[in-house]
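Source file: my_file-v1.cif. Holds: mmCIF, C-alpha atoms.
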```cif
data_final
#
loop_
_atom_site.label_atom_id
_atom_site.label_comp_id
_atom_site.auth_asym_id
_atom_site.auth_seq_id
_atom_site.Cartn_x
_atom_site.Cartn_y
_atom_site.Cartn_z
CA MET S 28 72.30 -7.16 -37.39
CA ALA S 29 74.27 -4.32 -35.84
CA ILE S 30 71.11 -2.27 -35.35
CA LEU S 31 69.29 -5.24 -33.81
CA PHE S 32 72.21 -5.90 -31.49
CA TRP S 33 72.25 -2.22 -30.48
CA VAL S 34 68.50 -2.26 -29.73
CA LEU S 35 68.76 -5.41 -27.66
CA THR S 36 71.71 -4.04 -25.76
CA LYS S 37 70.05 -0.65 -25.19
CA PHE S 38 66.70 -2.05 -24.01
CA SER S 39 68.24 -4.71 -21.82
CA ARG S 40 69.78 -2.12 -19.52
CA GLU S 41 68.02 -1.05 -16.30
CA TYR S 42 66.44 2.38 -16.18
CA THR S 43 64.62 4.39 -13.50
CA ALA S 44 61.81 6.65 -14.67
CA THR S 45 58.38 7.89 -13.60
CA VAL S 46 55.35 5.85 -14.66
CA ASP S 47 51.72 7.00 -14.52
CA ALA S 48 49.07 4.44 -13.58
CA SER S 49 45.27 4.40 -13.42
CA ILE S 50 43.43 3.34 -10.26
CA VAL S 51 40.40 1.07 -10.43
CA TYR S 52 38.29 0.39 -7.31
CA LYS S 53 36.60 -3.00 -6.96
CA SER S 54 34.98 -5.23 -4.31
CA ILE S 55 33.04 -2.33 -2.76
CA PRO S 56 31.01 -3.60 0.25
CA ASN S 57 27.24 -3.78 -0.26
CA GLU S 58 26.46 -1.26 2.48
CA THR S 59 28.72 1.40 0.94
CA LEU S 60 29.07 3.44 -2.21
CA LEU S 61 32.23 4.95 -3.66
CA ALA S 62 32.18 8.70 -3.04
CA GLU S 63 33.07 11.21 -5.73
CA ASN S 64 36.52 12.76 -6.24
CA ASN S 65 38.58 9.80 -5.09
CA PRO S 66 42.07 9.59 -6.71
CA GLU S 67 41.93 8.07 -10.18
CA GLU S 68 45.66 8.14 -10.97
CA LEU S 69 49.01 7.94 -9.25
CA SER S 70 52.64 7.96 -10.39
CA PHE S 71 55.77 6.30 -9.10
CA ASP S 72 59.43 5.73 -10.01
CA LEU S 73 59.95 2.36 -11.59
CA THR S 74 63.33 0.68 -12.04
CA THR S 75 63.27 -1.94 -14.79
CA ASN S 76 64.66 -2.73 -18.23
CA GLY S 77 63.85 -0.74 -21.34
CA PHE S 78 61.48 -3.39 -22.67
CA GLU S 79 59.23 -3.02 -19.63
CA PHE S 80 59.27 0.77 -19.93
CA PHE S 81 58.39 0.53 -23.60
CA TYR S 82 55.45 -1.73 -22.72
CA TYR S 83 54.14 0.62 -20.01
CA LYS S 84 54.44 3.62 -22.34
CA ILE S 85 52.26 1.84 -24.88
CA LYS S 86 49.79 0.52 -22.30
CA GLN S 87 49.33 2.51 -19.10
CA PRO S 88 49.35 0.18 -16.08
CA VAL S 89 46.15 -0.24 -14.06
CA ILE S 90 46.28 -0.67 -10.28
CA THR S 91 43.26 -2.46 -8.82
CA ILE S 92 42.22 -1.62 -5.25
CA ASN S 93 39.94 -4.16 -3.59
CA ILE S 94 38.09 -1.96 -1.07
CA SER S 95 36.81 -4.90 0.96
CA ASP S 96 40.41 -5.88 1.81
CA TYR S 97 40.83 -2.66 3.81
CA TYR S 98 37.25 -1.88 4.88
CA THR S 99 36.02 -1.90 8.47
CA LYS S 100 32.23 -1.95 8.85
CA GLY S 101 30.79 1.50 9.46
CA ASN S 102 33.85 3.44 8.31
CA LYS S 103 33.46 6.12 5.65
CA THR S 104 37.17 6.34 4.85
CA ILE S 105 39.83 3.70 4.27
CA ALA S 106 43.55 4.51 4.27
CA ILE S 107 46.21 2.51 2.45
CA THR S 108 49.75 3.39 3.55
CA ASP S 109 52.52 4.01 1.05
CA ILE S 110 54.17 0.74 2.13
CA GLN S 111 50.96 -1.21 1.48
CA LEU S 112 50.45 0.61 -1.80
CA THR S 113 54.03 -0.02 -2.94
CA SER S 114 53.64 -3.74 -2.19
CA LEU S 115 50.31 -3.86 -3.99
CA ILE S 116 51.75 -2.17 -7.10
CA SER S 117 54.76 -4.47 -7.16
CA ASN S 118 52.57 -7.56 -6.86
CA GLN S 119 50.23 -6.46 -9.63
CA LEU S 120 52.96 -5.40 -12.07
CA ASP S 121 55.96 -7.65 -11.41
CA LYS S 122 57.45 -8.66 -8.08
CA ASN S 123 60.94 -8.17 -9.50
CA LEU S 124 60.35 -4.51 -10.36
CA SER S 125 61.54 -1.77 -8.03
CA VAL S 126 58.77 0.71 -7.15
CA LYS S 127 59.67 3.90 -5.26
CA ASN S 128 58.65 7.52 -4.67
CA LEU S 129 54.87 7.23 -4.94
CA SER S 130 53.03 10.45 -5.72
CA LEU S 131 50.66 9.63 -2.82
CA ASN S 132 52.08 9.29 0.68
CA ASP S 133 48.99 7.25 1.44
CA LEU S 134 45.82 6.55 -0.47
CA LYS S 135 42.60 7.68 1.21
CA VAL S 136 39.40 6.35 -0.31
CA HIS S 137 36.15 7.99 0.76
CA LEU S 138 32.93 5.99 0.92
CA GLU S 139 29.30 6.86 1.45
CA LEU S 140 27.28 4.66 3.78
CA LEU S 141 24.08 3.34 2.24
CA VAL S 142 20.83 3.45 4.24
CA SER S 143 17.24 2.50 3.47
CA LYS S 144 13.97 3.99 4.59
CA LYS S 145 10.31 3.54 3.77
CA ILE S 146 8.67 6.60 2.22
CA PRO S 147 5.13 7.24 0.93
CA VAL S 148 4.29 7.32 -2.78
CA PHE S 149 1.99 9.97 -4.26
CA SER S 150 0.48 10.06 -7.73
CA LYS S 151 1.34 12.63 -10.40
CA ALA S 152 -1.00 10.96 -12.88
CA LYS S 153 -3.91 13.08 -14.16
CA LEU S 154 -7.28 11.41 -14.61
CA SER S 155 -10.16 12.83 -16.63
CA TYR S 156 -13.52 11.17 -17.14
CA LYS S 157 -15.89 10.80 -20.02
CA LYS S 158 -18.85 13.17 -19.78
CA GLY S 159 -21.33 11.91 -17.22
CA TYR S 160 -18.80 9.70 -15.43
CA MET S 161 -17.21 10.37 -12.04
CA SER S 162 -15.15 8.63 -9.39
CA LEU S 163 -16.82 7.00 -6.43
CA ASP S 164 -13.85 7.32 -4.08
CA THR S 165 -10.32 8.65 -3.87
CA LEU S 166 -7.45 7.33 -5.97
CA LYS S 167 -5.73 4.36 -4.33
CA ILE S 168 -1.98 3.65 -4.69
CA LYS S 169 -0.67 0.15 -4.03
CA PRO S 170 1.82 -0.14 -2.48
CA ASP S 171 1.39 3.20 -0.74
CA SER S 172 5.08 3.31 0.17
CA VAL S 173 8.41 2.06 -1.20
CA GLN S 174 11.88 1.29 0.14
CA LEU S 175 14.40 3.93 -0.92
CA SER S 176 18.12 3.13 -0.63
CA GLY S 177 21.12 5.38 -1.12
CA PRO S 178 23.66 7.63 0.64
CA SER S 179 22.42 8.73 4.07
CA GLU S 180 23.01 12.43 3.33
CA ILE S 181 20.63 12.22 0.35
CA ILE S 182 18.07 9.82 1.83
CA LYS S 183 17.40 11.99 4.90
CA LYS S 184 16.28 14.87 2.64
CA ILE S 185 13.60 12.81 0.83
CA ASP S 186 10.22 12.44 2.56
CA SER S 187 8.06 11.17 -0.32
CA ILE S 188 8.36 10.03 -3.91
CA PRO S 189 5.99 10.58 -6.87
CA THR S 190 4.90 8.33 -9.66
CA LYS S 191 5.78 9.39 -13.18
CA SER S 192 3.47 11.98 -14.76
CA LYS S 193 0.93 10.50 -17.14
CA ASN S 194 -2.50 11.53 -18.46
CA PHE S 195 -5.45 9.11 -18.58
CA ASN S 196 -8.44 10.50 -20.48
CA ASP S 197 -12.10 9.58 -21.16
CA ILE S 198 -12.33 7.09 -18.32
CA ASP S 199 -15.76 5.39 -18.23
CA GLU S 200 -15.18 2.31 -16.08
CA ASP S 201 -13.33 1.23 -12.95
CA PHE S 202 -9.75 2.34 -13.44
CA GLN S 203 -6.62 0.28 -12.74
CA GLU S 204 -3.17 1.01 -14.15
CA THR S 205 0.46 0.20 -13.30
CA ILE S 206 2.81 3.16 -13.38
CA GLU S 207 6.53 3.60 -12.68
CA VAL S 208 7.83 5.38 -9.61
CA ALA S 209 9.77 8.53 -10.57
CA LEU S 210 13.19 8.05 -8.98
CA PRO S 211 15.21 11.28 -8.58
CA ASP S 212 17.97 11.67 -11.16
CA ILE S 213 20.68 10.51 -8.76
CA PRO S 214 22.55 7.37 -9.90
CA SER S 215 23.33 6.26 -6.35
CA LEU S 216 19.64 5.91 -5.41
CA SER S 217 17.53 2.79 -5.83
CA VAL S 218 13.87 2.09 -5.09
CA SER S 219 11.91 -1.09 -4.48
CA PRO S 220 9.42 -1.81 -5.87
CA LYS S 221 9.87 0.30 -9.01
CA GLU S 222 6.15 0.36 -9.92
CA ALA S 223 2.85 1.13 -8.21
CA GLU S 224 -0.74 0.33 -9.11
CA LEU S 225 -3.32 3.11 -9.33
CA SER S 226 -7.01 2.26 -8.96
CA ILE S 227 -10.31 4.06 -8.52
CA LYS S 228 -13.96 3.08 -8.83
CA VAL S 229 -15.84 4.90 -11.59
CA GLN S 230 -19.56 5.06 -12.41
CA GLU S 231 -21.94 6.97 -14.62
CA PHE S 232 -23.71 9.80 -12.81
CA THR S 233 -26.88 11.74 -13.52
CA GLN S 234 -28.48 14.78 -11.88
CA LYS S 235 -31.43 14.56 -9.53
CA GLN S 236 -33.48 17.16 -7.64
CA ILE S 237 -35.45 16.78 -4.43
CA THR S 238 -37.63 19.26 -2.55
CA LEU S 239 -36.93 19.32 1.18
CA PRO S 240 -38.57 20.98 4.18
CA ILE S 241 -36.33 23.20 6.32
CA GLU S 242 -36.22 22.54 10.05
CA VAL S 243 -35.22 25.08 12.67
CA ILE S 244 -33.16 24.17 15.72
CA ASN S 245 -32.36 26.11 18.90
CA LEU S 246 -35.56 28.13 18.65
CA PRO S 247 -36.31 29.80 22.02
CA GLN S 248 -39.44 28.59 23.77
CA GLY S 249 -42.47 30.72 22.89
CA THR S 250 -40.92 32.11 19.71
CA ILE S 251 -42.91 31.59 16.53
CA ILE S 252 -41.27 32.24 13.18
CA LYS S 253 -42.13 31.87 9.53
CA LEU S 254 -39.40 30.82 7.12
CA ILE S 255 -39.19 32.34 3.67
CA PRO S 256 -39.17 29.89 1.94
CA GLU S 257 -40.20 26.94 4.12
CA VAL S 258 -38.96 24.39 1.58
CA THR S 259 -36.13 24.44 -0.91
CA ILE S 260 -34.80 22.36 -3.77
CA ILE S 261 -31.51 20.52 -3.62
CA SER S 262 -29.77 19.21 -6.73
CA PHE S 263 -26.96 16.67 -6.88
CA ASN S 264 -25.27 14.08 -9.05
CA VAL S 265 -25.99 10.47 -8.19
CA PRO S 266 -24.80 7.16 -9.71
CA VAL S 267 -27.31 6.04 -12.33
CA LYS S 268 -27.76 2.69 -10.59
CA ASP S 269 -28.77 4.48 -7.35
CA PHE S 270 -31.07 7.06 -8.91
CA ASN S 271 -34.30 5.46 -7.62
CA LYS S 272 -32.79 4.51 -4.26
CA ILE S 273 -32.20 8.11 -3.15
CA SER S 274 -35.24 9.85 -1.63
CA LYS S 275 -35.92 12.84 0.59
CA ASN S 276 -35.77 10.52 3.60
CA ASP S 277 -32.02 10.31 3.06
CA PHE S 278 -31.61 14.05 3.79
CA ARG S 279 -32.17 16.46 6.63
CA LEU S 280 -31.89 20.20 6.08
CA PHE S 281 -31.94 22.68 8.95
CA CYS S 282 -31.22 26.25 10.07
CA ASP S 283 -29.70 27.11 13.43
CA PHE S 284 -31.62 30.00 15.00
CA SER S 285 -28.81 30.62 17.49
CA ASN S 286 -26.49 31.46 14.56
CA LYS S 287 -28.89 33.78 12.74
CA ASN S 288 -27.65 36.95 11.12
CA GLU S 289 -29.12 39.65 13.39
CA LYS S 290 -28.39 42.51 11.04
CA GLU S 291 -29.88 41.12 7.83
CA ASN S 292 -32.34 38.76 9.50
CA PHE S 293 -31.52 35.46 7.76
CA MET S 294 -30.24 31.98 8.61
CA LEU S 295 -28.03 29.61 6.63
CA THR S 296 -29.21 26.18 5.54
CA GLN S 297 -27.11 23.18 6.48
CA PHE S 298 -27.22 19.40 6.10
CA SER S 299 -27.28 17.20 9.14
CA LYS S 300 -27.87 14.12 6.99
CA LYS S 301 -27.12 13.23 3.36
CA PRO S 302 -25.89 10.17 1.42
CA ILE S 303 -22.11 9.80 1.05
CA ASP S 304 -22.14 8.67 -2.59
CA ILE S 305 -23.67 11.77 -4.14
CA ARG S 306 -21.64 14.55 -5.74
CA ASP S 307 -21.89 18.30 -6.42
CA VAL S 308 -24.69 18.99 -3.96
CA GLU S 309 -26.29 22.43 -4.33
CA ILE S 310 -28.99 24.08 -2.21
CA LYS S 311 -31.20 26.46 -4.14
CA ASP S 312 -31.87 28.68 -1.11
CA GLU S 313 -28.78 28.87 1.04
CA LYS S 314 -30.02 31.95 2.90
CA ILE S 315 -33.44 31.65 4.54
CA ASP S 316 -35.26 34.82 5.60
CA PHE S 317 -37.65 34.64 8.54
CA LEU S 318 -40.35 36.60 10.27
CA ILE S 319 -41.00 36.53 14.01
CA PHE S 320 -44.75 36.50 14.57
CA LYS S 321 -45.05 36.24 18.31
CA GLN S 322 -42.88 35.97 21.37
CA ASP S 323 -44.50 35.21 24.71
CA SER S 324 -43.59 37.56 27.54
CA GLU S 325 -42.21 36.15 30.76
CA GLU S 326 -44.67 35.90 33.62
#
```

Take the structure from the file and write it as structure tokens.
Amino acid sequence: MAILFWVLTKFSREYTATVDASIVYKSIPNETLLAENNPEELSFDLTTNGFEFFYYKIKQPVITINISDYYTKGNKTIAITDIQLTSLISNQLDKNLSVKNLSLNDLKVHLELLVSKKIPVFSKAKLSYKKGYMSLDTLKIKPDSVQLSGPSEIIKKIDSIPTKSKNFNDIDEDFQETIEVALPDIPSLSVSPKEAELSIKVQEFTQKQITLPIEVINLPQGTIIKLIPEVTIISFNVPVKDFNKISKNDFRLFCDFSNKNEKENFMLTQFSKKPIDIRDVEIKDEKIDFLIFKQDSEE
């Protein structure tokens, strides 16, 4: 009984001592983000009875700061004076406690303003086709851009965003696949939408050869030449379904006499007409030699 009486008497007395408290930030406005390195603790002198001190030694007090209570739109820093902070601590702990000598003269909380911008998406997926199959067009990405949100200092440095890397092999039909957008490893960034759809038309191809005559353009009047050879073979890959539709009438092959190589006496073959859906076009004779037989003299 004597010991109990002593304890009650001892702990009932008022004491003044320093207490450490943790700071928790809440109610952060939607257009802002809490910056790094804001204060996470503070200390203050607390005058109370021994029971209260014993409680706060066992369980460190937590001071909650509601940012929205002090925030003005567009500001990147909020300041809470020591008077405001003292009142806030007293209200959250116990209004009857005496709080003095804060370790912070005022509490400055730094924020980062969030911005959004639309940026293009590019694919990091690798596509390979089954033998004999090829794409008919370029890879399409839908949507071709996404909305990126985050701190302005980070957002302004990002001009595009990739999809995640992934390999797709032995493709033998029209391709369509949903793939995630690869967000940079920065927790404060967000992207919408988070996925994109890749698509490309694919068909089976086969090789075809056609023999074509070679035309000459920009030949001076009165000049007669002989091409060596006068015809050449072109080879190309064509979709199987279009094999019989492609004929020599779909091509035009020519040499430009005005661009001839004077030193070695040859001209280069060029296409002025060819189908758009063929692939891997090769001309057997890219250099055409020529002989000048006759050139009329001026009268």

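Residue neighbourhood of Lys167 in chain S, excluding near-sequence residues (fewer than 2 positions): S:Phe149, S:Ser150, S:Asp164, S:Thr165, S:Lys169, S:Pro170, S:Asp171, S:Gln203, S:Ala223, S:Glu224, S:Leu225, S:Ser226, S:Ile227, S:Lys228, at 10 Å, using only C-alpha atoms.
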
Report as a VMD selection string the residues that result from applying the PyMOL selection byres ((chain S and resi 280) around 9) to the structure here.
chain S and resid 239 to 243 278 to 279 281 to 282 296 to 301

Convert the current residue selection to file output with C-alpha atoms, as a short mmCIF file (atom, residue, chain, number, x, y, z; two decimals), keeping the file's coordinate frame.
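This went into out-v1.cif:
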```cif
data_model
loop_
_atom_site.label_atom_id
_atom_site.label_comp_id
_atom_site.auth_asym_id
_atom_site.auth_seq_id
_atom_site.Cartn_x
_atom_site.Cartn_y
_atom_site.Cartn_z
CA LEU S 239 -36.93 19.32 1.18
CA PRO S 240 -38.57 20.98 4.18
CA ILE S 241 -36.33 23.20 6.32
CA GLU S 242 -36.22 22.54 10.05
CA VAL S 243 -35.22 25.08 12.67
CA PHE S 278 -31.61 14.05 3.79
CA ARG S 279 -32.17 16.46 6.63
CA PHE S 281 -31.94 22.68 8.95
CA CYS S 282 -31.22 26.25 10.07
CA THR S 296 -29.21 26.18 5.54
CA GLN S 297 -27.11 23.18 6.48
CA PHE S 298 -27.22 19.40 6.10
CA SER S 299 -27.28 17.20 9.14
CA LYS S 300 -27.87 14.12 6.99
CA LYS S 301 -27.12 13.23 3.36
#
```

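We find CA of Leu216 in chain S and CA of Ile94 in chain S to be spaced 20.5 Å apart.
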
Kindly resolve the PyMOL selection byres ((chain S and resi 215) around 8) on the present coordinates and return the residues as a PyMOL selection string.
chain S and resi 60+177-178+213-214+216-217

For Leu129 in chain S, work out the shell of residues within 8 Å, counting all atoms listed in the file and skipping chain neighbours fewer than 2 positions away, then give it as an NGL selection string.
:S and (69-72 or 109 or 113 or 126-127 or 131-132)

For CA of Val218 in chain S and CA of Ile181 in chain S, quote the distance in Å rounded to one decimal.
13.3 Å
